[in-house]
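A short write-up of the structure that comes next.
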Amino acid sequence: MQDEPVSGQGPRQPGAPYWLITAILGCGGIVVSLEKTAVVPLLPEYPRIFGVSSDDVSWLVTVTLLSAAVATPVVSRLADMFGKKRMLLVALIMMVAGGFTAAVGGTFTAALVGRTLQGFAGAVIPIGISILRDTLPQRRVAGAVSLMSASFGIGSALGLPMAGFTYENLGWQATFWVVALIALILTAAVYFYVPESTVRTHGRFDYFGAVLLSGAMTALLLAISKGGVWGWTSDIVLGLFAACAVLLAAWFPHELRSGQPLIDLRTSARRPVLLVNIASVLVGFSMYANMLVTTQQLQLSRVTGFGFGLSVLVAGLAMIPAGLAMVAISPVSARLTNSFGAKVTMVAGCTVMAAGYLLRVVLVETILGIIVGAVIISIGTAMAMAAMPTIVMSNSPRTDTAAANGLNTLLRSVGTSTCSAAVAVILASVTVEIGGRVFPDLEAFRLIFILAGLTAAAGAAVSVLIPKSRHREATHPDLYSAAPGTGPAPAGKHEILLSGVLRPAGGRAPLDQGTVTVTDSGGSPVDWDRSDEHGTYVVVLPGPGRYIFIAAHARWRPVAEVLEFPGTAAPHDIQFHQRLLLEGRIRHGSRPVRNALVLLVKGAGDPPAAARSGRDGTFELPLPGPGRYVLTVVEPSGQTHTRRVELPCADRVIDVELGSPPGRTGLQV
């Protein structure tokens, strides 16, 4: 039996100021990016340190990528079910454990184990964004999300010089334990100052779906990241791509059948969510090229004629302006989103990225030109990354925001992994030999910039197609206001978590895959949900007031109710009263045909729907989905009549005239 979701209103408890919660969760982005970049400057040194090959060392990056692909959707879904703060702490603790494991172990094996544990950091950003959504007043959400998204950039900019400085002064182990120590401090801050969200959904975790998706993502990302080393046409890489396809082919129908899926594919297929997820892959590809190539371009030997020969530390310091630009642009992104919508911010961000790469094709002769190009791209990246979670959360049920953001983050990782593989191939293929040494040619960098710019332009084109709509929560007054920047952060705002069951008339089994949409009294959208296999739905109301509940199901006529909530709410079941039926009348001339057999079949192998006509020739069939069908009528005498009918609508009445002349359909709709 499914656990019932907790109903009612979260208590308003004193807590940390809004700015402190935003700052703590924003630091999550910095820690995640530090963890990702801390090993990059030392990759050329690790073969000597550990006594392994360069190919072996590349696993320090690959295992983190793979564990993040597994952990991000799983931990994000668990956050929706068992508490966002709780699972955020789990992800941070795993990152701390990974850092100290690698540092204390001192071996290549220990480093691999540690980097695997650090992959759990992939869930920090989507869960943190969901906590911001549930904790802060609406007027502060856009700015907080923008800042958290931008913090990933400042962490990436700081990670390279910090790792180089730490290695030169404290040794390679310090690159692990310093990041772990920062993560430990952040863990304590989250524990003491970040409130737990009361918005959650209970039930069974989709273990089978998690295994299938984890296997598919592991196979895909392993093939992408190792394709250049193992060979793109090698048996193992082709086998990994095939395994990914097979696992996804099994995962999709399982998720569609599951009442409590790991990822709600029906929600993901909604046009805004689908398009922003497609754009996130493109944005991930485009933004990562800037991070990967800039420092390599600055560190390239001067003998090439276009390299600058900077050290790892100095090249990393040159990236700091790009990181600072991401933080500086975050309030502008928030203002743009609040004024014109997240779609406009998304399109603008991708366009700025494309323009930045166009400049980078030209600005290759000076360090200042390279930094300016990197800054422009980083500004566009911050804008696009700030808009994506806003669009996702605006079009997902409130109880599934962490899982929805987790999928978006995972798809962005697919983009970054693909970019890493493409950059490696281009830099290794377009080369120049000088003094017996092989270097990437300047045209290789320009080709990467052109490819990344085209990808950003494609992201802008996809973003243009996203339906423009008001952020549904922006229409509600701020019920939780306090003095700007100083008010306590309530644990549950004034929100009401309401659950119920969709039931058919007559008290029969609850209805799954129905939808409940809630609007306020002015018609502005509030929340929505899809019922699980137990018929249960869960919606979040922003506070006391009057709301309109609209319930729909494929087999029943929609119902609507106006409900008043004074402050708390008991579970509310919604009952459907009238089934949707395909109705009609069988007549021969003006005479009704009694006891005729009516069959409706869609295609070969599909079981037909059957009914008998009554005394007055009327018949009723369960309403099928839209499509072309074959309607067959068998008279009591045995004579048959067959016609094709089109059912594009949800409700049809078909009268069949058996005396129609040849060549006519004999159907009156």
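Chain lettering (A, B, ...) mirrors the order of the structure tokens, residue numbering begins at 1 for each chain separately, and ligand numbering begins at 1 in order of display.
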Region 444-461 of chain A surroundings by only C-alpha atoms, 8 Å radius, close-in-sequence under 4 positions cut, as number ranges by chain: A: 278-280, 282-283, 285-287, 289, 293, 297, 346-351, 353-358, 360-361, 423, 426-427, 430-431, 440, 465
Write out as a ChimeraX atom specification the residues lying within 7 Å of Val179 (chain A), counting only C-alpha atoms and excluding same-chain residues fewer than 5 positions away. /A:34-35,99
Residue subset to file, keeping C-alpha atoms, as a short mmCIF file (atom, residue, chain, number, x, y, z; two decimals), in the first residue's frame:
```cif
data_model
loop_
_atom_site.label_atom_id
_atom_site.label_comp_id
_atom_site.auth_asym_id
_atom_site.auth_seq_id
_atom_site.Cartn_x
_atom_site.Cartn_y
_atom_site.Cartn_z
CA LEU A 34 36.08 22.87 -7.85
CA GLU A 35 35.68 19.11 -7.58
CA GLY A 99 38.09 13.71 -1.26
#
```
Of the candidates A:Ala68, A:Leu336, A:Leu300, A:Val190, which one gets nearest to Met87 (chain A) if we count only C-alpha atoms? A:Val190
Hey, what's within 9 Å of Phe576 (chain A) if we count only C-alpha atoms and toss same-chain stuff fewer than 5 positions away? As a list in words, please? Leu502, Arg503, Pro504, Ala505, Ala551, Ala552, His553, Trp556, Arg557, Pro558 and Val559 of chain A
Closest of A:Ala150, A:Val74, A:Ile182, A:Leu238 to Ala322 (chain A) - atom-to-atom distances counting only C-alpha atoms: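 Ranked by minimum distance to Ala322 (chain A), first place goes to A:Ala150.
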